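Note: the block below is query.cif and it holds mmCIF, C-alpha atoms and all ligand atoms.
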data_input
#
loop_
_atom_site.group_PDB
_atom_site.id
_atom_site.type_symbol
_atom_site.label_atom_id
_atom_site.label_comp_id
_atom_site.auth_asym_id
_atom_site.auth_seq_id
_atom_site.Cartn_x
_atom_site.Cartn_y
_atom_site.Cartn_z
ATOM 1 C CA MET A 1 -17.082 94.229 22.509
ATOM 2 C CA ASN A 2 -13.480 95.420 22.461
ATOM 3 C CA SER A 3 -11.047 92.673 23.199
ATOM 4 C CA PRO A 4 -7.995 93.223 25.359
ATOM 5 C CA GLY A 5 -5.218 95.016 23.543
ATOM 6 C CA PRO A 6 -4.157 98.454 22.467
ATOM 7 C CA SER A 7 -7.456 99.206 20.743
ATOM 8 C CA ASN A 8 -9.017 99.561 24.174
ATOM 9 C CA ALA A 9 -7.353 102.945 24.168
ATOM 10 C CA ALA A 10 -9.635 103.961 21.308
ATOM 11 C CA THR A 11 -12.093 106.643 22.209
ATOM 12 C CA SER A 12 -15.592 106.469 20.951
ATOM 13 C CA ALA A 13 -18.464 108.870 21.409
ATOM 14 C CA GLY A 14 -21.776 109.632 19.819
ATOM 15 C CA ALA A 15 -24.463 107.349 18.479
ATOM 16 C CA ARG A 16 -24.203 105.417 15.237
ATOM 17 C CA ARG A 17 -26.768 106.504 12.733
ATOM 18 C CA ASN A 18 -27.567 102.955 11.711
ATOM 19 C CA SER A 19 -27.251 101.353 15.096
ATOM 20 C CA ASP A 20 -30.423 99.337 14.393
ATOM 21 C CA GLY A 21 -28.702 97.446 11.610
ATOM 22 C CA ALA A 22 -27.240 94.132 12.721
ATOM 23 C CA PRO A 23 -23.467 93.921 12.347
ATOM 24 C CA VAL A 24 -22.532 92.545 8.941
ATOM 25 C CA LEU A 25 -18.862 92.608 9.851
ATOM 26 C CA ARG A 26 -17.431 92.601 13.320
ATOM 27 C CA PHE A 27 -13.752 92.331 14.106
ATOM 28 C CA SER A 28 -12.267 91.781 17.477
ATOM 29 C CA GLY A 29 -8.640 91.976 18.583
ATOM 30 C CA VAL A 30 -7.221 91.463 15.103
ATOM 31 C CA HIS A 31 -3.448 91.145 14.983
ATOM 32 C CA LYS A 32 -1.375 90.767 11.851
ATOM 33 C CA ARG A 33 2.382 90.440 11.681
ATOM 34 C CA PHE A 34 4.661 90.450 8.660
ATOM 35 C CA GLY A 35 7.763 88.696 9.988
ATOM 36 C CA SER A 36 8.645 90.547 13.173
ATOM 37 C CA PHE A 37 6.704 93.661 12.144
ATOM 38 C CA SER A 38 3.243 94.117 13.670
ATOM 39 C CA ALA A 39 0.978 95.738 11.096
ATOM 40 C CA LEU A 40 -2.213 95.321 13.148
ATOM 41 C CA LYS A 41 -2.051 95.395 16.938
ATOM 42 C CA GLY A 42 -5.520 94.446 18.108
ATOM 43 C CA ILE A 43 -8.097 96.081 15.860
ATOM 44 C CA SER A 44 -11.737 95.927 16.930
ATOM 45 C CA GLY A 45 -14.792 97.449 15.342
ATOM 46 C CA GLN A 46 -17.980 96.738 13.494
ATOM 47 C CA VAL A 47 -19.893 97.579 10.361
ATOM 48 C CA ASN A 48 -23.684 97.497 10.636
ATOM 49 C CA ARG A 49 -26.056 96.692 7.812
ATOM 50 C CA GLY A 50 -26.672 99.699 5.602
ATOM 51 C CA GLU A 51 -23.811 101.626 7.107
ATOM 52 C CA VAL A 52 -20.828 103.315 5.447
ATOM 53 C CA VAL A 53 -17.734 102.964 7.609
ATOM 54 C CA CYS A 54 -14.612 104.859 6.519
ATOM 55 C CA PHE A 55 -11.101 103.855 7.577
ATOM 56 C CA ILE A 56 -8.815 106.872 7.634
ATOM 57 C CA GLY A 57 -5.284 107.416 8.881
ATOM 58 C CA PRO A 58 -1.703 107.883 7.736
ATOM 59 C CA SER A 59 -0.131 105.747 5.050
ATOM 60 C CA GLY A 60 1.185 102.506 6.537
ATOM 61 C CA SER A 61 -1.208 102.577 9.496
ATOM 62 C CA GLY A 62 -2.825 99.236 8.606
ATOM 63 C CA LYS A 63 -6.039 100.241 6.807
ATOM 64 C CA SER A 64 -5.507 98.042 3.741
ATOM 65 C CA THR A 65 -4.256 95.147 5.833
ATOM 66 C CA MET A 66 -7.420 95.278 7.945
ATOM 67 C CA LEU A 67 -9.610 95.369 4.843
ATOM 68 C CA ARG A 68 -7.673 92.461 3.350
ATOM 69 C CA CYS A 69 -8.077 90.437 6.546
ATOM 70 C CA CYS A 70 -11.850 90.921 6.212
ATOM 71 C CA ASN A 71 -11.988 89.093 2.902
ATOM 72 C CA LEU A 72 -9.142 86.722 3.678
ATOM 73 C CA LEU A 73 -6.659 88.166 1.214
ATOM 74 C CA GLU A 74 -4.492 88.244 4.357
ATOM 75 C CA VAL A 75 -4.680 85.711 7.140
ATOM 76 C CA MET A 76 -4.731 87.346 10.558
ATOM 77 C CA ASP A 77 -2.514 85.979 13.326
ATOM 78 C CA GLU A 78 -4.873 86.588 16.227
ATOM 79 C CA GLY A 79 -8.397 87.809 16.737
ATOM 80 C CA GLU A 80 -11.736 87.056 15.195
ATOM 81 C CA ILE A 81 -13.783 88.408 12.332
ATOM 82 C CA PHE A 82 -17.489 87.687 12.123
ATOM 83 C CA LEU A 83 -19.568 87.864 8.961
ATOM 84 C CA ASP A 84 -23.271 88.086 9.784
ATOM 85 C CA GLY A 85 -22.473 86.854 13.270
ATOM 86 C CA GLN A 86 -20.617 83.779 12.048
ATOM 87 C CA SER A 87 -16.913 83.509 12.792
ATOM 88 C CA MET A 88 -14.895 83.355 9.612
ATOM 89 C CA ALA A 89 -12.879 80.631 11.245
ATOM 90 C CA THR A 90 -15.940 78.358 11.078
ATOM 91 C CA PRO A 91 -15.063 75.420 8.840
ATOM 92 C CA ALA A 92 -18.460 75.787 7.138
ATOM 93 C CA LEU A 93 -17.308 79.126 5.708
ATOM 94 C CA ASP A 94 -14.579 78.693 3.137
ATOM 95 C CA ALA A 95 -12.618 81.570 1.671
ATOM 96 C CA SER A 96 -14.333 81.515 -1.697
ATOM 97 C CA GLN A 97 -17.766 81.664 -0.072
ATOM 98 C CA ILE A 98 -16.708 84.579 2.085
ATOM 99 C CA ARG A 99 -15.199 86.511 -0.843
ATOM 100 C CA ARG A 100 -18.323 85.912 -2.903
ATOM 101 C CA ARG A 101 -20.325 87.749 -0.257
ATOM 102 C CA MET A 102 -17.991 90.771 -0.315
ATOM 103 C CA GLY A 103 -17.310 92.981 -3.287
ATOM 104 C CA MET A 104 -13.808 94.423 -3.382
ATOM 105 C CA VAL A 105 -12.724 97.506 -5.297
ATOM 106 C CA PHE A 106 -9.011 98.285 -5.409
ATOM 107 C CA GLN A 107 -6.993 101.381 -6.158
ATOM 108 C CA SER A 108 -5.821 99.740 -9.393
ATOM 109 C CA PHE A 109 -9.011 98.686 -11.126
ATOM 110 C CA GLU A 110 -7.711 95.287 -12.252
ATOM 111 C CA LEU A 111 -10.181 94.814 -15.074
ATOM 112 C CA PHE A 112 -9.455 92.061 -17.588
ATOM 113 C CA PRO A 113 -7.841 93.972 -20.474
ATOM 114 C CA HIS A 114 -8.982 91.528 -23.159
ATOM 115 C CA MET A 115 -12.659 91.764 -22.174
ATOM 116 C CA THR A 116 -15.170 94.517 -22.848
ATOM 117 C CA ALA A 117 -16.789 96.394 -19.985
ATOM 118 C CA LEU A 118 -19.858 94.155 -20.334
ATOM 119 C CA GLU A 119 -17.783 90.955 -20.325
ATOM 120 C CA ASN A 120 -15.798 92.120 -17.307
ATOM 121 C CA ILE A 121 -19.060 92.449 -15.390
ATOM 122 C CA CYS A 122 -20.550 89.158 -16.622
ATOM 123 C CA VAL A 123 -17.603 86.906 -16.006
ATOM 124 C CA GLY A 124 -18.034 86.555 -12.226
ATOM 125 C CA PRO A 125 -21.729 85.663 -12.202
ATOM 126 C CA MET A 126 -21.248 83.264 -15.136
ATOM 127 C CA THR A 127 -18.233 81.414 -13.778
ATOM 128 C CA VAL A 128 -18.758 81.632 -10.018
ATOM 129 C CA LEU A 129 -22.551 81.735 -9.741
ATOM 130 C CA ASP A 130 -23.218 79.636 -12.873
ATOM 131 C CA TRP A 131 -25.599 82.189 -14.309
ATOM 132 C CA PRO A 132 -26.551 81.723 -17.975
ATOM 133 C CA ARG A 133 -25.083 84.402 -20.248
ATOM 134 C CA GLU A 134 -28.445 86.063 -20.881
ATOM 135 C CA LYS A 135 -29.163 86.603 -17.219
ATOM 136 C CA ALA A 136 -25.598 87.832 -16.566
ATOM 137 C CA GLU A 137 -25.773 90.285 -19.474
ATOM 138 C CA GLU A 138 -29.114 91.639 -18.401
ATOM 139 C CA LYS A 139 -27.735 92.274 -14.930
ATOM 140 C CA ALA A 140 -24.518 93.764 -16.360
ATOM 141 C CA ARG A 141 -26.448 96.204 -18.539
ATOM 142 C CA ALA A 142 -28.516 97.342 -15.579
ATOM 143 C CA LEU A 143 -25.311 97.858 -13.589
ATOM 144 C CA LEU A 144 -23.740 99.845 -16.422
ATOM 145 C CA VAL A 145 -26.773 102.144 -16.260
ATOM 146 C CA LYS A 146 -26.336 102.407 -12.498
ATOM 147 C CA VAL A 147 -22.723 103.565 -12.862
ATOM 148 C CA GLY A 148 -23.565 105.846 -15.794
ATOM 149 C CA LEU A 149 -21.757 103.833 -18.472
ATOM 150 C CA GLU A 150 -24.576 102.328 -20.514
ATOM 151 C CA THR A 151 -22.927 103.552 -23.710
ATOM 152 C CA LYS A 152 -19.634 101.816 -22.910
ATOM 153 C CA ALA A 153 -20.746 98.166 -22.784
ATOM 154 C CA ALA A 154 -18.620 97.210 -25.800
ATOM 155 C CA SER A 155 -15.561 99.274 -24.835
ATOM 156 C CA TYR A 156 -12.319 97.672 -23.752
ATOM 157 C CA PRO A 157 -10.660 99.012 -20.587
ATOM 158 C CA SER A 158 -7.877 100.651 -22.621
ATOM 159 C CA ALA A 159 -10.498 102.858 -24.274
ATOM 160 C CA LEU A 160 -11.905 104.054 -20.953
ATOM 161 C CA SER A 161 -10.683 106.782 -18.601
ATOM 162 C CA GLY A 162 -9.487 105.800 -15.142
ATOM 163 C CA GLY A 163 -12.738 106.963 -13.614
ATOM 164 C CA GLN A 164 -14.740 104.963 -16.149
ATOM 165 C CA GLN A 165 -12.622 101.850 -15.515
ATOM 166 C CA GLN A 166 -13.164 102.212 -11.801
ATOM 167 C CA ARG A 167 -16.922 102.514 -12.331
ATOM 168 C CA VAL A 168 -16.815 99.281 -14.366
ATOM 169 C CA ALA A 169 -14.858 97.693 -11.498
ATOM 170 C CA ILE A 170 -17.604 98.781 -9.086
ATOM 171 C CA ALA A 171 -20.276 97.327 -11.401
ATOM 172 C CA ARG A 172 -18.268 94.104 -11.636
ATOM 173 C CA ALA A 173 -18.159 93.792 -7.850
ATOM 174 C CA LEU A 174 -21.901 94.566 -7.586
ATOM 175 C CA ALA A 175 -22.717 91.880 -10.153
ATOM 176 C CA MET A 176 -22.005 89.251 -7.519
ATOM 177 C CA GLU A 177 -24.738 90.794 -5.339
ATOM 178 C CA PRO A 178 -22.450 91.176 -2.326
ATOM 179 C CA GLU A 179 -23.672 91.835 1.187
ATOM 180 C CA VAL A 180 -20.909 94.349 1.751
ATOM 181 C CA MET A 181 -18.612 96.333 -0.516
ATOM 182 C CA LEU A 182 -14.979 96.935 0.464
ATOM 183 C CA PHE A 183 -13.214 99.849 -1.213
ATOM 184 C CA ASP A 184 -9.465 100.362 -0.837
ATOM 185 C CA GLU A 185 -8.588 103.916 -1.887
ATOM 186 C CA PRO A 186 -10.764 103.659 -4.988
ATOM 187 C CA THR A 187 -9.890 107.148 -6.200
ATOM 188 C CA SER A 188 -6.200 107.362 -5.318
ATOM 189 C CA ALA A 189 -4.988 106.347 -8.779
ATOM 190 C CA LEU A 190 -7.377 108.642 -10.661
ATOM 191 C CA ASP A 191 -6.892 111.947 -12.413
ATOM 192 C CA PRO A 192 -8.473 114.674 -10.318
ATOM 193 C CA GLU A 193 -11.175 115.335 -12.910
ATOM 194 C CA THR A 194 -12.524 111.771 -12.719
ATOM 195 C CA ILE A 195 -12.487 111.364 -8.929
ATOM 196 C CA GLY A 196 -15.870 113.033 -8.515
ATOM 197 C CA GLU A 197 -17.718 110.653 -10.851
ATOM 198 C CA VAL A 198 -16.504 107.630 -8.863
ATOM 199 C CA LEU A 199 -17.353 109.235 -5.519
ATOM 200 C CA ASN A 200 -20.819 110.081 -6.867
ATOM 201 C CA VAL A 201 -21.433 106.443 -7.785
ATOM 202 C CA MET A 202 -20.302 105.422 -4.297
ATOM 203 C CA LYS A 203 -22.527 108.034 -2.684
ATOM 204 C CA ARG A 204 -25.509 106.741 -4.653
ATOM 205 C CA LEU A 205 -24.763 103.170 -3.559
ATOM 206 C CA ALA A 206 -24.616 104.346 0.030
ATOM 207 C CA ASP A 207 -27.938 106.151 -0.355
ATOM 208 C CA GLU A 208 -29.467 102.918 -1.666
ATOM 209 C CA GLY A 209 -28.469 101.233 1.570
ATOM 210 C CA MET A 210 -25.402 99.252 0.493
ATOM 211 C CA THR A 211 -23.175 98.302 3.420
ATOM 212 C CA MET A 212 -19.731 99.714 2.658
ATOM 213 C CA VAL A 213 -16.252 99.877 4.142
ATOM 214 C CA VAL A 214 -14.185 102.578 2.479
ATOM 215 C CA VAL A 215 -10.484 103.226 2.971
ATOM 216 C CA THR A 216 -10.027 106.756 1.717
ATOM 217 C CA HIS A 217 -8.035 109.948 1.830
ATOM 218 C CA GLU A 218 -11.040 111.864 0.479
ATOM 219 C CA MET A 219 -11.936 113.540 3.740
ATOM 220 C CA SER A 220 -14.836 115.581 2.399
ATOM 221 C CA PHE A 221 -16.401 112.362 1.051
ATOM 222 C CA ALA A 222 -15.921 110.660 4.436
ATOM 223 C CA ARG A 223 -17.331 113.704 6.223
ATOM 224 C CA ARG A 224 -20.409 113.714 3.995
ATOM 225 C CA VAL A 225 -21.105 110.013 3.415
ATOM 226 C CA ALA A 226 -19.732 108.008 6.344
ATOM 227 C CA ASP A 227 -21.974 106.911 9.189
ATOM 228 C CA TRP A 228 -18.941 105.978 11.218
ATOM 229 C CA VAL A 229 -15.232 106.712 10.935
ATOM 230 C CA ILE A 230 -12.381 104.623 12.315
ATOM 231 C CA VAL A 231 -9.023 106.384 12.607
ATOM 232 C CA PHE A 232 -5.978 104.131 12.279
ATOM 233 C CA ASP A 233 -2.447 104.924 13.343
ATOM 234 C CA ASN A 234 0.478 102.571 13.686
ATOM 235 C CA GLY A 235 -1.662 99.420 13.531
ATOM 236 C CA MET A 236 -4.110 100.612 16.168
ATOM 237 C CA VAL A 237 -7.452 102.372 16.321
ATOM 238 C CA VAL A 238 -6.797 105.863 17.644
ATOM 239 C CA GLU A 239 -10.397 106.988 17.740
ATOM 240 C CA GLU A 240 -13.729 106.114 16.190
ATOM 241 C CA GLY A 241 -16.974 107.966 15.978
ATOM 242 C CA PRO A 242 -19.495 109.688 13.749
ATOM 243 C CA PRO A 243 -17.980 112.034 11.162
ATOM 244 C CA ALA A 244 -19.125 115.139 13.041
ATOM 245 C CA GLN A 245 -16.939 114.065 15.951
ATOM 246 C CA ILE A 246 -13.930 112.943 13.954
ATOM 247 C CA PHE A 247 -13.805 115.890 11.578
ATOM 248 C CA ASP A 248 -15.218 118.748 13.620
ATOM 249 C CA ASN A 249 -14.396 117.813 17.147
ATOM 250 C CA PRO A 250 -11.781 115.042 17.358
ATOM 251 C CA LEU A 251 -11.096 113.764 20.828
ATOM 252 C CA GLU A 252 -7.562 112.594 20.146
ATOM 253 C CA GLU A 253 -4.418 114.570 19.453
ATOM 254 C CA ARG A 254 -3.324 112.027 16.830
ATOM 255 C CA THR A 255 -6.580 112.465 14.910
ATOM 256 C CA ARG A 256 -6.072 116.239 14.948
ATOM 257 C CA ASP A 257 -2.466 115.801 13.790
ATOM 258 C CA PHE A 258 -3.446 113.533 10.927
ATOM 259 C CA LEU A 259 -6.244 115.821 9.727
ATOM 260 C CA GLY A 260 -3.999 118.835 10.164
ATOM 261 C CA HIS A 261 -1.341 117.272 7.929
ATOM 262 C CA LEU A 262 -3.951 116.770 5.236
ATOM 263 C CA GLY A 263 -4.896 120.420 5.514
ATOM 264 C CA TRP A 264 -8.342 119.576 6.815
ATOM 265 C CA ASN A 265 -9.865 122.454 8.704
ATOM 266 C CA GLY A 266 -13.523 121.527 8.786
HETATM 267 P P1 LIG B 1 -2.232 101.521 4.844
HETATM 268 O O1 LIG B 1 -3.213 100.838 3.963
HETATM 269 O O2 LIG B 1 -2.825 102.163 6.062
HETATM 270 O O3 LIG B 1 -1.373 102.497 4.091
HETATM 271 P P2 LIG B 1 -1.063 98.886 5.019
HETATM 272 O O4 LIG B 1 -2.118 98.084 5.664
HETATM 273 O O5 LIG B 1 -0.882 98.733 3.558
HETATM 274 O O6 LIG B 1 -1.220 100.425 5.423
HETATM 275 O O7 LIG B 1 0.333 98.541 5.681
HETATM 276 C C1 LIG B 1 0.541 98.536 7.082
HETATM 277 C C2 LIG B 1 1.978 98.193 7.338
HETATM 278 O O8 LIG B 1 2.207 96.828 7.003
HETATM 279 C C3 LIG B 1 2.962 99.021 6.513
HETATM 280 O O9 LIG B 1 4.094 99.298 7.308
HETATM 281 C C4 LIG B 1 3.323 98.079 5.386
HETATM 282 O O10 LIG B 1 4.613 98.343 4.911
HETATM 283 C C5 LIG B 1 3.240 96.725 6.046
HETATM 284 N N1 LIG B 1 2.875 95.668 5.097
HETATM 285 C C6 LIG B 1 1.723 95.558 4.426
HETATM 286 N N2 LIG B 1 1.696 94.456 3.654
HETATM 287 C C7 LIG B 1 2.895 93.845 3.843
HETATM 288 C C8 LIG B 1 3.493 92.649 3.334
HETATM 289 N N3 LIG B 1 2.840 91.861 2.479
HETATM 290 N N4 LIG B 1 4.729 92.344 3.762
HETATM 291 C C9 LIG B 1 5.393 93.126 4.651
HETATM 292 N N5 LIG B 1 4.881 94.261 5.176
HETATM 293 C C10 LIG B 1 3.651 94.626 4.778
HETATM 294 MG MG MG B 2 -3.535 101.104 1.933
#
Encoded form (structure tokens):
Amino acid sequence: MNSPGPSNAATSAGARRNSDGAPVLRFSGVHKRFGSFSALKGISGQVNRGEVVCFIGPSGSGKSTMLRCCNLLEVMDEGEIFLDGQSMATPALDASQIRRRMGMVFQSFELFPHMTALENICVGPMTVLDWPREKAEEKARALLVKVGLETKAASYPSALSGGQQQRVAIARALAMEPEVMLFDEPTSALDPETIGEVLNVMKRLADEGMTMVVVTHEMSFARRVADWVIVFDNGMVVEEGPPAQIFDNPLEERTRDFLGHLGWNG
């Protein structure tokens, strides 16, 4: 399934744990340039239903750009991305439809500051899905329970810790009932003491079978939760495989270098 290009150099070994799941996302030969700079040089890979796929790699290696191409926040220059087997280039799939099917959680939570936690979660279903307020609120309250914030429904973001805001942001994304959740370094902006609560919510989502793509520098989370890990470097896939391979027995020197720089030693 790899297309021609540098990503053919990627090494892959071991079976995927959820290889029965059909691919929810599949990308093939994705290139992205910013002016004359190539940020993505032929990225291929796939995310199966129910799977957690982690993107790891040095800063600037293209992880966020790849994630943003998946939900059309960036427009790729070459390649194809398929959502449930349908090319995103299909005219029948417009950008708003595609984004509606993917929940995105950013490093900076980007909650609406003038809305309570509950309102932040309701606003998408009410405006985009045309849900009546009652139905949206019922769903929002259930999601607040899920992320452990049932007592914070009436709180404004400014009254919440970073970890709590990020959990509201996760609930807000889930309110749209996405097929896949995309996380871009969801804990990088958090105080160390609140990182764990966000990772726990993500772990629980994964255990419930949510399909997730997670860009992260939390290697112990990736080691524990990922079904599949894709290692980026310099706009290319260096290596991909199950976490036991990537973290305990990497095939590629550049993977070892990257993990070594982070102080990872198994
Ligand atoms: P990562 O998420 O792995 O840290 P990014 O995907 O954010 O990396 O960035 C990959 C490369 O593309 C970096 O060199 C970055 O500076 C560059 N880049 C990303 N977005 C833009 C942009 N909008 N304009 C110009 N260069 C960009
Ligand atoms: Mg990034």
Work out how far apart CA of Val75 (chain A) and CA of Pro58 (chain A) are and give it in Å to one decimal.
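Interatomic distance here is 22.4 Å.
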Contact residues around Glu218 (chain A) with all atoms listed in the file at 12 Å, ignoring same-chain residues under 2 positions, as a ChimeraX atom specification:
/A:54-57,184-188,192,195-196,198-199,214-216,220-226,259,262-264
CA of Val30 (chain A) sits from CA of Gly235 (chain A) at a separation of 9.8 Å
Hits of the PyMOL selection byres (((chain A and resi 121-124) around 12) and not hetatm) in this structure, as a PyMOL selection string:
chain A and resi 99-100+103+111-112+115-120+125-144+147+153-154+156-157+165-178
Give me, as a PyMOL selection string, the set of residues whose atoms come within 7 Å of any atom of ligand MG 2 (chain B), counting only C-alpha atoms and all ligand atoms.
chain A and resi 59-60+62-64+184-185
Expected axis-aligned box over every listed atom of ligand LIG 1 (chain B), 8 Å added per side, centre plus edges in Å to one decimal, as AutoDock Vina command-line options:
--center_x 1.1 --center_y 97.2 --center_z 4.9 --size_x 24.6 --size_y 26.6 --size_z 20.9
From A:Asp233, A:Glu179, A:Asp191, A:Glu74, residue lying nearest Met210 (chain A) [all atoms listed in the file]:
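Among the listed residues, A:Glu179 lies closest to Met210 (chain A).
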Name the residues captured by the PyMOL selection byres (((chain A and resi 36-41) around 7) and not hetatm) when it is applied to the shown file; answer as an MDAnalysis selection string.
chainID A and resid 6 30:35 42:43 62 235:236
Excluding same-chain residues fewer than 2 positions from Glu51 (chain A), what lies within 6 Å of it counting all atoms listed in the file, as a list in words?
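What passes the distance filter is Asn48, Arg49, Thr211 and Asp227 of chain A.
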Smallest atom-to-atom distance to Val231 (chain A): which of A:Val53, A:Met181, A:Ala159, A:Val24, using all atoms listed in the file?
A:Val53
Using all atoms listed in the file, find the one residue out of A:Asn234, A:Thr194, A:Ser87, A:Asn200 that sits nearest to ligand LIG 1 (chain B).
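Closest candidate: A:Asn234.
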Do you have the atom P1 of ligand LIG 1 (chain B)-CA of Ile230 (chain A) distance handy?
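So the answer is 13.0 Å.
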Please list as a PyMOL selection string every residue within 8 Å of Ile246 (chain A), counting all atoms listed in the file and excluding residues in the same chain fewer than 6 positions away.
chain A and resi 229+239-240+255
Option closest in space to ligand LIG 1 (chain B), from A:Met76, A:Leu160, A:Leu251, A:Met102 [counting all atoms listed in the file]
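Residue with the minimum atom-to-atom distance to ligand LIG 1 (chain B): A:Met76.
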